[in-house]
>>> print(open('model-v7.txt').read())   # compact mmCIF, C-alpha atoms
# COMPACT_ATOMS: atom_id res chain seq x y z
CA GLN Z 1 -22.57 -31.79 -10.46
CA PRO Z 2 -22.59 -32.18 -6.63
CA THR Z 3 -21.40 -35.77 -6.84
CA TRP Z 4 -18.29 -34.75 -8.76
CA ALA Z 5 -17.55 -31.48 -6.94
CA ALA Z 6 -15.52 -33.03 -4.10
CA PHE Z 7 -13.53 -35.09 -6.61
CA VAL Z 8 -12.66 -32.06 -8.77
CA LEU Z 9 -11.71 -30.04 -5.69
CA LYS Z 10 -9.24 -32.76 -4.67
CA ILE Z 11 -7.64 -32.60 -8.11
CA LEU Z 12 -7.35 -28.80 -7.82
CA LEU Z 13 -5.91 -29.12 -4.31
CA GLY Z 14 -3.33 -31.61 -5.58
CA THR Z 15 -2.35 -29.16 -8.31
CA GLY Z 16 -2.09 -26.42 -5.69
CA ASN Z 17 0.21 -28.52 -3.55
CA SER Z 18 2.60 -28.87 -6.50
CA ALA Z 19 3.69 -25.22 -6.23
CA ASN Z 20 7.20 -26.13 -5.04
CA PHE Z 21 7.72 -28.41 -8.02
CA VAL Z 22 6.49 -25.72 -10.41
CA ALA Z 23 9.01 -23.25 -8.98
CA GLU Z 24 11.90 -25.71 -9.38
CA ASP Z 25 11.01 -27.79 -12.45
CA ASN Z 26 10.74 -26.06 -15.81
CA ALA Z 27 8.79 -28.95 -17.33
CA MET Z 28 6.19 -28.71 -14.55
CA ALA Z 29 5.97 -24.94 -15.01
CA GLN Z 30 5.47 -25.40 -18.75
CA ALA Z 31 2.74 -27.99 -18.17
CA LEU Z 32 1.00 -25.62 -15.74
CA GLU Z 33 1.04 -22.79 -18.27
CA GLU Z 34 -0.40 -25.04 -21.00
CA ASN Z 35 -3.29 -26.11 -18.74
CA TRP Z 36 -3.74 -22.83 -16.85
CA LYS Z 37 -6.90 -21.75 -18.67
CA ILE Z 38 -8.60 -25.06 -17.85
CA ILE Z 39 -7.65 -24.73 -14.17
CA THR Z 40 -8.79 -21.12 -13.88
CA ARG Z 41 -12.05 -21.94 -15.65
CA TRP Z 42 -12.79 -24.57 -12.99
CA VAL Z 43 -11.98 -22.05 -10.24
CA ARG Z 44 -14.36 -19.52 -11.78
CA LEU Z 45 -17.13 -22.10 -12.08
CA PHE Z 46 -16.79 -23.04 -8.41
CA CYS Z 47 -16.87 -19.37 -7.41
CA ASP Z 48 -19.98 -18.77 -9.52
CA LYS Z 49 -21.67 -21.77 -7.86
CA PHE Z 50 -20.78 -20.54 -4.35
CA LYS Z 51 -23.82 -20.55 -2.07
CA SER Z 52 -22.70 -19.78 1.51
CA THR Z 53 -19.95 -20.55 4.02
CA SER Z 54 -22.16 -23.23 5.54
CA GLU Z 55 -22.82 -24.80 2.13
CA PRO Z 56 -20.23 -23.54 -0.38
CA PHE Z 57 -21.35 -25.89 -3.14
CA PRO Z 58 -25.11 -26.55 -3.43
CA LYS Z 59 -26.18 -30.03 -2.32
CA ALA Z 60 -22.59 -31.19 -1.78
CA LYS Z 61 -21.28 -31.88 1.71
CA ILE Z 62 -18.03 -29.97 1.32
CA PRO Z 63 -16.70 -27.97 4.31
CA TYR Z 64 -15.98 -24.31 3.56
CA HIS Z 65 -12.39 -24.80 4.76
CA ASP Z 66 -11.75 -27.51 2.14
CA TRP Z 67 -13.56 -25.60 -0.61
CA TYR Z 68 -11.67 -22.36 -0.01
CA CYS Z 69 -8.22 -23.94 0.42
CA ALA Z 70 -8.50 -26.05 -2.72
CA LEU Z 71 -9.38 -23.05 -4.88
CA ALA Z 72 -6.95 -20.68 -3.20
CA LEU Z 73 -3.93 -22.99 -3.32
CA VAL Z 74 -4.43 -23.87 -6.96
CA ILE Z 75 -4.81 -20.22 -7.93
CA PHE Z 76 -1.70 -19.32 -5.91
CA VAL Z 77 0.36 -21.59 -8.17
CA GLY Z 78 0.15 -18.74 -10.67
CA HIS Z 79 2.69 -16.94 -8.51
CA ALA Z 80 5.04 -19.91 -8.02
CA ASP Z 81 7.13 -19.23 -11.12
CA ILE Z 82 8.04 -15.54 -11.14
CA ASP Z 83 9.05 -15.63 -14.82
CA ARG Z 84 5.59 -16.81 -15.83
CA ALA Z 85 3.53 -14.99 -13.17
CA ARG Z 86 2.62 -11.98 -15.30
CA ARG Z 87 1.43 -14.14 -18.18
CA LEU Z 88 -0.59 -16.43 -15.90
CA TRP Z 89 -2.27 -13.59 -13.98
CA SER Z 90 -3.15 -11.83 -17.22
CA ASP Z 91 -5.86 -14.51 -17.55
CA SER Z 92 -9.18 -12.92 -16.59
CA ASP Z 93 -10.56 -16.08 -14.94
CA ALA Z 94 -7.48 -16.29 -12.70
CA ARG Z 95 -7.98 -12.74 -11.42
CA TYR Z 96 -11.72 -13.32 -11.09
CA GLY Z 97 -11.18 -16.34 -8.84
CA LEU Z 98 -8.55 -14.54 -6.77
CA TYR Z 99 -10.68 -11.42 -6.25
CA ARG Z 100 -13.76 -13.47 -5.35
CA LEU Z 101 -11.79 -15.48 -2.78
CA TRP Z 102 -10.27 -12.30 -1.31
CA GLY Z 103 -13.72 -10.79 -0.83
CA MET Z 104 -15.17 -13.85 0.92
CA GLY Z 105 -15.11 -14.54 4.62
CA VAL Z 106 -11.86 -15.96 5.99
CA GLN Z 107 -13.25 -17.48 9.19
CA ASN Z 108 -12.07 -21.08 9.61
CA VAL Z 109 -9.54 -20.50 6.81
CA PRO Z 110 -5.84 -20.99 7.68
CA PRO Z 111 -4.32 -17.53 8.35
CA ASN Z 112 -1.43 -18.15 5.96
CA VAL Z 113 -3.87 -18.85 3.11
CA ALA Z 114 -5.89 -15.68 3.78
CA LYS Z 115 -2.73 -13.56 4.03
CA MET Z 116 -1.28 -15.05 0.85
CA CYS Z 117 -4.49 -14.13 -0.93
CA ALA Z 118 -4.26 -10.52 0.28
CA SER Z 119 -0.59 -10.30 -0.65
CA ILE Z 120 -1.12 -11.51 -4.23
CA VAL Z 121 -4.14 -9.22 -4.73
CA GLY Z 122 -2.02 -6.25 -3.66
CA LEU Z 123 0.88 -7.24 -5.90
CA ILE Z 124 -1.33 -7.72 -8.96
CA ILE Z 125 -3.08 -4.36 -8.57
CA LEU Z 126 0.03 -2.43 -7.54
CA HIS Z 127 2.04 -3.81 -10.45
CA GLN Z 128 -0.90 -3.42 -12.85
CA ILE Z 129 -0.88 -7.06 -13.98
CA SER Z 130 -3.70 -7.21 -16.48
CA GLU Z 131 -4.13 -7.21 -20.23
CA GLU Z 132 -7.54 -5.60 -19.94
CA GLU Z 133 -8.13 -1.88 -20.48
CA GLU Z 134 -10.06 -1.74 -17.23
CA GLU Z 135 -8.27 -0.39 -14.16
CA PRO Z 136 -7.32 -3.41 -11.96
CA ALA Z 137 -8.83 -1.73 -8.87
CA SER Z 138 -12.15 -1.31 -10.68
CA GLU Z 139 -11.92 -4.94 -11.75
CA LEU Z 140 -11.53 -5.97 -8.10
CA VAL Z 141 -14.63 -3.96 -7.17
CA LYS Z 142 -16.62 -5.60 -9.98
CA PHE Z 143 -15.39 -9.18 -9.53
CA SER Z 144 -15.64 -9.18 -5.72
CA GLY Z 145 -19.25 -7.99 -5.91
CA LEU Z 146 -18.75 -5.71 -2.88
CA GLY Z 147 -18.89 -2.27 -4.50
CA GLU Z 148 -16.48 0.60 -3.73
CA ASP Z 149 -17.67 1.15 -0.16
CA GLY Z 150 -17.72 -2.58 0.56
CA VAL Z 151 -14.17 -3.06 -0.71
CA ALA Z 152 -12.94 -0.01 1.24
CA HIS Z 153 -14.63 -1.23 4.42
CA LEU Z 154 -13.21 -4.75 4.08
CA CYS Z 155 -9.70 -3.46 3.34
CA MET Z 156 -9.60 -1.13 6.31
CA SER Z 157 -11.22 -3.62 8.68
CA ARG Z 158 -8.49 -6.15 7.92
CA MET Z 159 -5.79 -3.47 8.05
CA ILE Z 160 -6.94 -2.26 11.46
CA LYS Z 161 -7.17 -5.81 12.79
CA ALA Z 162 -3.64 -6.58 11.61
CA SER Z 163 -2.33 -3.35 13.16
CA ARG Z 164 -3.85 -4.23 16.51
CA THR Z 165 -2.14 -7.62 16.57
CA GLY Z 166 1.21 -5.97 15.83
CA ASN Z 167 2.25 -8.72 13.41
CA VAL Z 168 4.37 -6.89 10.82
CA ASP Z 169 3.90 -9.53 8.09
CA ASP Z 170 0.12 -9.39 8.47
CA MET Z 171 0.20 -5.59 8.42
CA ARG Z 172 2.28 -5.62 5.25
CA ASP Z 173 0.06 -8.07 3.39
CA ASP Z 174 -3.13 -6.15 4.17
CA ALA Z 175 -1.37 -2.82 3.60
CA TYR Z 176 -0.38 -4.00 0.12
CA VAL Z 177 -4.04 -4.10 -0.87
CA VAL Z 178 -4.86 -0.77 0.78
CA LEU Z 179 -1.86 0.92 -0.87
CA ALA Z 180 -2.65 -0.54 -4.28
CA LEU Z 181 -6.28 0.61 -4.16
CA ALA Z 182 -5.59 4.01 -2.56
CA ALA Z 183 -3.03 4.71 -5.30
CA SER Z 184 -5.27 3.47 -8.12
CA ARG Z 185 -7.12 5.52 -10.74
CA CYS Z 186 -10.49 4.51 -9.26
CA GLU Z 187 -11.29 7.88 -7.66
CA THR Z 188 -14.39 6.72 -5.79
CA LEU Z 189 -12.48 3.91 -4.13
CA ARG Z 190 -9.48 6.15 -3.42
CA SER Z 191 -11.70 8.69 -1.71
CA ALA Z 192 -13.47 6.05 0.38
CA LEU Z 193 -10.16 4.59 1.61
CA LEU Z 194 -8.61 7.96 2.42
CA LYS Z 195 -11.67 8.97 4.41
CA LYS Z 196 -11.32 5.73 6.37
CA LYS Z 197 -7.80 6.78 7.46
CA ALA Z 198 -5.78 4.71 4.99
CA VAL Z 199 -2.79 7.09 5.14
CA PRO Z 200 -2.10 6.73 8.91
CA TYR Z 201 -2.20 2.93 8.74
CA LEU Z 202 -0.05 2.80 5.60
CA THR Z 203 2.48 5.16 7.18
CA ARG Z 204 2.71 3.04 10.34
CA THR Z 205 3.36 -0.03 8.21
CA PHE Z 206 6.01 1.85 6.22
CA LEU Z 207 7.72 2.91 9.47
CA LYS Z 208 7.78 -0.65 10.80
CA LEU Z 209 9.11 -2.16 7.57
CA ALA Z 210 11.80 0.49 7.00
CA ASP Z 211 14.14 -1.31 9.35
CA LEU Z 212 17.68 -2.22 8.31
CA LYS Z 213 17.58 -5.34 10.47
CA THR Z 214 14.46 -6.88 8.98
CA ILE Z 215 13.71 -5.29 5.60
CA HIS Z 216 15.70 -7.90 3.66
CA ARG Z 217 14.08 -10.81 5.50
CA ASP Z 218 11.35 -10.87 2.87
CA ASN Z 219 11.43 -9.29 -0.61
CA LYS Z 220 7.91 -8.02 -0.01
CA ASN Z 221 9.15 -5.76 2.80
CA LEU Z 222 11.50 -3.87 0.51
CA ASP Z 223 8.94 -3.83 -2.29
CA PHE Z 224 6.29 -2.25 -0.05
CA VAL Z 225 8.66 0.45 1.25
CA GLU Z 226 9.74 1.34 -2.29
CA LYS Z 227 6.18 1.43 -3.61
CA PHE Z 228 4.95 3.54 -0.68
CA LEU Z 229 7.59 6.21 -1.34
CA TRP Z 230 7.02 5.97 -5.09
CA VAL Z 231 3.27 6.67 -4.90
CA PHE Z 232 3.28 8.91 -1.79
CA GLU Z 233 2.71 12.18 -3.63
CA TYR Z 234 -0.13 10.74 -5.72
CA LEU Z 235 -1.56 9.02 -2.64
CA THR Z 236 -1.90 12.32 -0.78
CA GLN Z 237 -3.18 14.46 -3.68
CA PRO Z 238 -6.96 14.42 -3.07
CA ASP Z 239 -8.56 17.31 -1.12
CA GLY Z 240 -5.56 19.55 -1.70
CA SER Z 241 -2.98 17.15 -0.19
CA ILE Z 242 -2.70 18.98 3.14
CA PRO Z 243 -4.88 16.70 5.36
CA TYR Z 244 -3.18 13.52 4.19
CA ILE Z 245 0.38 14.85 4.36
CA VAL Z 246 -0.35 15.96 7.95
CA GLN Z 247 -1.66 12.46 8.74
CA ALA Z 248 1.53 10.93 7.35
CA LEU Z 249 3.75 13.33 9.31
CA ASN Z 250 1.85 12.61 12.53
CA HIS Z 251 2.34 8.86 12.14
CA GLY Z 252 6.07 8.66 11.49
CA PHE Z 253 6.65 9.45 7.81
CA LEU Z 254 9.84 11.48 8.33
CA GLN Z 255 11.16 8.93 10.83
CA GLY Z 256 10.65 6.26 8.18
CA VAL Z 257 12.47 8.32 5.54
CA VAL Z 258 15.45 8.72 7.89
CA LYS Z 259 15.49 4.97 8.54
CA CYS Z 260 15.52 4.43 4.77
CA GLY Z 261 18.56 6.67 4.28
CA PRO Z 262 21.17 3.87 4.05
CA LEU Z 263 18.84 1.78 1.88
CA LEU Z 264 18.30 4.30 -0.92
CA ASN Z 265 21.29 3.05 -2.90
CA SER Z 266 19.53 -0.31 -3.27
CA PHE Z 267 16.12 1.17 -4.20
CA ARG Z 268 14.73 1.36 -7.70
CA VAL Z 269 15.46 4.63 -9.47
CA ASP Z 270 11.79 5.69 -9.46
CA SER Z 271 11.55 5.28 -5.69
CA VAL Z 272 14.82 7.16 -5.08
CA ASN Z 273 13.71 10.06 -7.28
CA ALA Z 274 10.32 10.13 -5.58
CA THR Z 275 11.96 10.31 -2.13
CA LYS Z 276 14.24 13.14 -3.26
CA HIS Z 277 11.24 15.01 -4.64
CA ILE Z 278 9.23 14.57 -1.44
CA ILE Z 279 11.99 15.97 0.78
CA GLY Z 280 13.46 18.47 -1.66
CA HIS Z 281 10.25 19.90 -3.08
CA LEU Z 282 6.88 18.58 -1.92
CA LEU Z 283 7.25 19.19 1.83
CA ILE Z 284 9.11 22.48 1.31
CA THR Z 285 6.32 23.75 -0.95
CA HIS Z 286 3.74 23.02 1.74
CA LEU Z 287 5.65 24.51 4.68
CA SER Z 288 3.63 27.71 4.25
CA HIS Z 289 0.68 25.79 5.69
CA HIS Z 290 0.63 26.04 9.47
CA SER Z 291 -0.49 22.43 9.99
CA ILE Z 292 2.32 21.08 7.77
CA LEU Z 293 4.94 23.18 9.53
CA LEU Z 294 3.77 22.02 12.96
CA GLY Z 295 3.68 18.41 11.77
CA VAL Z 296 7.24 18.65 10.46
CA LEU Z 297 8.52 20.32 13.64
CA ASP Z 298 6.87 17.70 15.86
CA ALA Z 299 8.28 14.90 13.69
CA LEU Z 300 11.81 16.30 13.75
CA LYS Z 301 11.71 16.51 17.54
CA ASP Z 302 11.25 12.73 17.63
CA ILE Z 303 14.26 12.02 15.39
CA PRO Z 304 17.60 11.91 17.26
CA HIS Z 305 20.17 14.17 15.60
CA GLU Z 306 22.64 11.27 15.64
CA ASP Z 307 20.28 9.22 13.47
CA ILE Z 308 20.19 11.99 10.86
CA LYS Z 309 23.98 12.26 10.86
CA ARG Z 310 24.44 8.50 10.58
CA ARG Z 311 21.70 7.70 8.07
CA ILE Z 312 21.26 10.85 5.99
CA ASP Z 313 24.52 12.82 6.03
CA SER Z 314 26.49 10.01 4.41
CA GLY Z 315 23.88 9.18 1.78
CA ILE Z 316 22.40 10.48 -1.47
CA LEU Z 317 19.56 12.27 0.32
CA LYS Z 318 21.91 14.66 2.16
CA PRO Z 319 21.62 17.72 -0.19
CA MET Z 320 17.80 17.58 -0.23
CA TRP Z 321 17.60 17.04 3.52
CA LYS Z 322 19.91 19.99 4.30
CA ASN Z 323 17.86 22.24 2.03
CA PHE Z 324 14.68 20.97 3.69
CA GLU Z 325 16.07 21.73 7.16
CA ARG Z 326 17.05 25.24 6.05
CA TYR Z 327 13.52 25.99 4.85
CA VAL Z 328 12.05 24.54 8.04
CA LEU Z 329 14.32 26.81 10.09
CA GLU Z 330 13.31 29.88 8.07
CA ARG Z 331 9.62 29.09 8.34
CA SER Z 332 9.96 28.43 12.08
CA ALA Z 333 11.69 31.78 12.63
CA SER Z 334 9.07 33.55 10.53
CA LYS Z 335 6.29 31.91 12.52
CA ALA Z 336 7.90 33.01 15.78
CA ILE Z 337 8.02 36.63 14.53
CA PHE Z 338 4.37 36.49 13.48
CA ASP Z 339 3.32 35.02 16.82
CA ARG Z 340 4.95 38.03 18.55
CA CYS Z 341 2.89 40.50 16.51
CA ASP Z 342 0.29 41.27 19.22
CA GLN Z 343 -2.25 42.75 16.84
CA SER Z 344 -1.94 40.11 14.15
CA ASP Z 345 -5.21 38.91 12.72
CA MET Z 346 -5.26 35.11 13.14
CA SER Z 347 -8.38 34.77 11.00
CA THR Z 348 -6.66 36.20 7.92
CA SER Z 349 -3.05 35.40 8.84
CA THR Z 350 -2.16 39.09 8.39
CA CYS Z 351 0.83 40.45 10.27
CA SER Z 352 -0.10 43.76 11.93
CA GLN Z 353 3.37 45.23 11.38
CA VAL Z 354 4.10 44.54 7.74
CA ARG Z 355 0.54 43.88 6.52
CA LYS Z 356 1.54 40.72 4.74
CA PHE Z 357 -1.13 38.13 4.15
CA TYR Z 358 1.11 35.16 4.88
CA LYS Z 359 1.75 34.63 8.53
CA GLY Z 360 5.43 34.90 9.32
CA SER Z 361 6.38 35.71 5.72
CA PRO Z 362 10.07 36.23 4.90
CA MET Z 363 9.39 39.97 4.56
CA CYS Z 364 7.87 40.01 8.06
CA PHE Z 365 10.90 38.13 9.34
CA LEU Z 366 13.35 40.57 7.76
CA THR Z 367 11.43 43.67 8.87
CA ASN Z 368 11.26 42.64 12.49
CA THR Z 369 14.78 41.31 13.12
>>> encode(input="model-v7.txt", output="structure tokens")
Amino acid sequence: QPTWAAFVLKILLGTGNSANFVAEDNAMAQALEENWKIITRWVRLFCDKFKSTSEPFPKAKIPYHDWYCALALVIFVGHADIDRARRLWSDSDARYGLYRLWGMGVQNVPPNVAKMCASIVGLIILHQISEEEEEPASELVKFSGLGEDGVAHLCMSRMIKASRTGNVDDMRDDAYVVLALAASRCETLRSALLKKKAVPYLTRTFLKLADLKTIHRDNKNLDFVEKFLWVFEYLTQPDGSIPYIVQALNHGFLQGVVKCGPLLNSFRVDSVNATKHIIGHLLITHLSHHSILLGVLDALKDIPHEDIKRRIDSGILKPMWKNFERYVLERSASKAIFDRCDQSDMSTSTCSQVRKFYKGSPMCFLTNT
């Protein structure tokens, strides 16, 4: 009832402010887990009763700022104790409240609260924290009430805004959500995000976070870099991969990989193997595409040779990188030979001298040198 709403919100806010105690006191954490379903049920009821930002609870004079913060802070307690986080977030009402709050307006809401909300949403979806059979990304679309296009638009709007401010922490928190959704099994949502240029913004964030000086400042920095490399191939698969790999190359992907060279020994095995596969197989396979080759050549021009020697040649990526460079050199030489074939047909990529369909094929290169 309206008369009790403000009172209940204060209780929830008090519970939310106990996060530090939950993280440090096992008895508090146990008490939270025992009462978690009651707490999340209240959060869901408040979200279901939501009317508008000017009047969040019908007939109750509760400012939107107070309403949002009380619900957000109490739901964030689910992440205070890492050992219990997965069990607490497996509760459907907890995820429902979080996704609803994420999809609401964040005007007049403290920036740290809004960013924390985005960060936890990304972590839950990226780490697939749910006991339901439904894909977490699809659950976000359903619970937020925004639809696939609405979720994609909101994600990218916040990502673009964060990129313009240049605040790396803000970029990372919003990029977490974009990465999680763009790498999900919800194909409609994936497609909408990729068409809205998710890959360039994710790559820029990856490049900024892959910094030896700052990556260990926050565990989320390292986690994002690892996850980005881990899902990169899947992320760029739609529409034949080529357009999205080119976007990544044009926005610093290879520079980021070089910066990660000394860090690979501390990465999870899956992320290390994914990085090796990207350099040692994925990019090499696509070098036959003119746009990929040009993107790689332009990217390599921007990487000082000393950086490669210092960060790659002494690390576990060295064999794959040397093989990658060899293929790039061969494809570059082949392209140069093809470009000198005056009568070559650019529309069919047929060399006039050796009649090969692939422009600058190895056979063309050998025949004309």
>>> closest_residue(input="model-v7.txt", among="Z:Met320, Z:Ala31, Z:Leu9, Z:Val178", to="Z:Val74", atoms="only C-alpha atoms")
Z:Leu9
>>> closest_residue(input="model-v7.txt", among="Z:Ile279, Z:Ala94, Z:Leu212, Z:Leu194", to="Z:Asn323", atoms="all atoms listed in the file")
Z:Ile279
>>> atom_distance(input="model-v7.txt", atom1="atom CA of Z:Ala180", atom2="atom CA of Z:Gly295")
25.6 Å
>>> residues_around(input="model-v7.txt", residues="stretch 97-114 of chain Z", least_positions_apart="2", cutoff="6 Å", atoms="all atoms listed in the file", output="compact mmCIF listing (two decimals) with C-alpha atoms, keeping the file's coordinate frame")
# COMPACT_ATOMS: atom_id res chain seq x y z
CA VAL Z 43 -11.98 -22.05 -10.24
CA ARG Z 44 -14.36 -19.52 -11.78
CA HIS Z 65 -12.39 -24.80 4.76
CA ALA Z 94 -7.48 -16.29 -12.70
CA ARG Z 95 -7.98 -12.74 -11.42
CA MET Z 116 -1.28 -15.05 0.85
CA CYS Z 117 -4.49 -14.13 -0.93
CA LEU Z 140 -11.53 -5.97 -8.10
CA SER Z 144 -15.64 -9.18 -5.72
>>> atom_distance(input="model-v7.txt", atom1="atom CA of Z:Leu179", atom2="atom CA of Z:Ala70")
27.8 Å
>>> closest_residue(input="model-v7.txt", among="Z:Tyr327, Z:Phe232, Z:Phe21, Z:Tyr68", to="Z:Lys276", atoms="only C-alpha atoms")
Z:Phe232
>>> residues_around(input="model-v7.txt", residues="Z:Arg268", least_positions_apart="4", cutoff="12 Å", atoms="only C-alpha atoms", output="MDAnalysis selection string")
chainID Z and resid 222:227 229:230 263:264 272:275
>>> atom_distance(input="model-v7.txt", atom1="atom CA of Z:Asn167", atom2="atom CA of Z:Leu209")
11.1 Å
>>> closest_residue(input="model-v7.txt", among="Z:Phe57, Z:Tyr244, Z:Phe46, Z:Phe76", to="Z:Val22", atoms="all atoms listed in the file")
Z:Phe76
>>> residues_around(input="model-v7.txt", residues="Z:Lys115", least_positions_apart="5", cutoff="10 Å", atoms="all atoms listed in the file", output="MDAnalysis selection string")
chainID Z and resid 102 106 110 120:121 169:174
>>> write_last_selection(input="model-v7.txt", atoms="C-alpha atoms", output="PDB file, in the frame of the given file")
ATOM      1  CA  TRP Z 102     -10.270 -12.300  -1.310  1.00  0.00           C
ATOM      2  CA  VAL Z 106     -11.860 -15.960   5.990  1.00  0.00           C
ATOM      3  CA  PRO Z 110      -5.840 -20.990   7.680  1.00  0.00           C
ATOM      4  CA  ILE Z 120      -1.120 -11.510  -4.230  1.00  0.00           C
ATOM      5  CA  VAL Z 121      -4.140  -9.220  -4.730  1.00  0.00           C
ATOM      6  CA  ASP Z 169       3.900  -9.530   8.090  1.00  0.00           C
ATOM      7  CA  ASP Z 170       0.120  -9.390   8.470  1.00  0.00           C
ATOM      8  CA  MET Z 171       0.200  -5.590   8.420  1.00  0.00           C
ATOM      9  CA  ARG Z 172       2.280  -5.620   5.250  1.00  0.00           C
ATOM     10  CA  ASP Z 173       0.060  -8.070   3.390  1.00  0.00           C
ATOM     11  CA  ASP Z 174      -3.130  -6.150   4.170  1.00  0.00           C
TER      12      ASP Z 174
END
>>> residues_around(input="model-v7.txt", residues="Z:Leu207", least_positions_apart="2", cutoff="7 Å", atoms="all atoms listed in the file", output="ChimeraX atom specification")
/Z:203-205,209-210,252-253,256
>>> closest_residue(input="model-v7.txt", among="Z:Leu282, Z:Phe50, Z:Ser191, Z:Ala299", to="Z:Asp239", atoms="all atoms listed in the file")
Z:Ser191
>>> residues_around(input="model-v7.txt", residues="Z:Asp149", least_positions_apart="4", cutoff="12 Å", atoms="all atoms listed in the file", output="VMD selection string")
chain Z and resid 141 to 142 144 to 145 153 to 157 187 to 196
>>> decode(input="model-v7.txt", residues="stretch 196-223 of chain Z", atoms="C-alpha atoms", output="short mmCIF file (atom, residue, chain, number, x, y, z; two decimals), in the first residue's frame")
data_model
loop_
_atom_site.label_atom_id
_atom_site.label_comp_id
_atom_site.auth_asym_id
_atom_site.auth_seq_id
_atom_site.Cartn_x
_atom_site.Cartn_y
_atom_site.Cartn_z
CA LYS Z 196 24.66 -0.69 -34.76
CA LYS Z 197 28.48 -0.95 -34.85
CA ALA Z 198 29.00 -2.97 -31.67
CA VAL Z 199 32.33 -4.40 -32.88
CA PRO Z 200 34.16 -1.04 -33.31
CA TYR Z 201 33.13 0.15 -29.85
CA LEU Z 202 33.99 -3.17 -28.21
CA THR Z 203 37.38 -3.20 -29.94
CA ARG Z 204 38.18 0.34 -28.76
CA THR Z 205 37.34 -0.67 -25.20
CA PHE Z 206 39.51 -3.78 -25.52
CA LEU Z 207 42.41 -1.65 -26.77
CA LYS Z 208 42.10 0.78 -23.86
CA LEU Z 209 41.86 -1.94 -21.22
CA ALA Z 210 44.73 -4.05 -22.59
CA ASP Z 211 47.25 -1.88 -20.80
CA LEU Z 212 49.91 -3.39 -18.54
CA LYS Z 213 49.84 -0.32 -16.30
CA THR Z 214 46.12 -0.35 -15.54
CA ILE Z 215 44.66 -3.77 -16.35
CA HIS Z 216 45.21 -5.12 -12.83
CA ARG Z 217 43.68 -2.03 -11.19
CA ASP Z 218 40.28 -3.71 -11.35
CA ASN Z 219 39.54 -7.42 -11.85
CA LYS Z 220 36.83 -6.45 -14.32
CA ASN Z 221 39.44 -5.00 -16.69
CA LEU Z 222 41.24 -8.32 -17.04
CA ASP Z 223 37.96 -10.23 -17.19
#
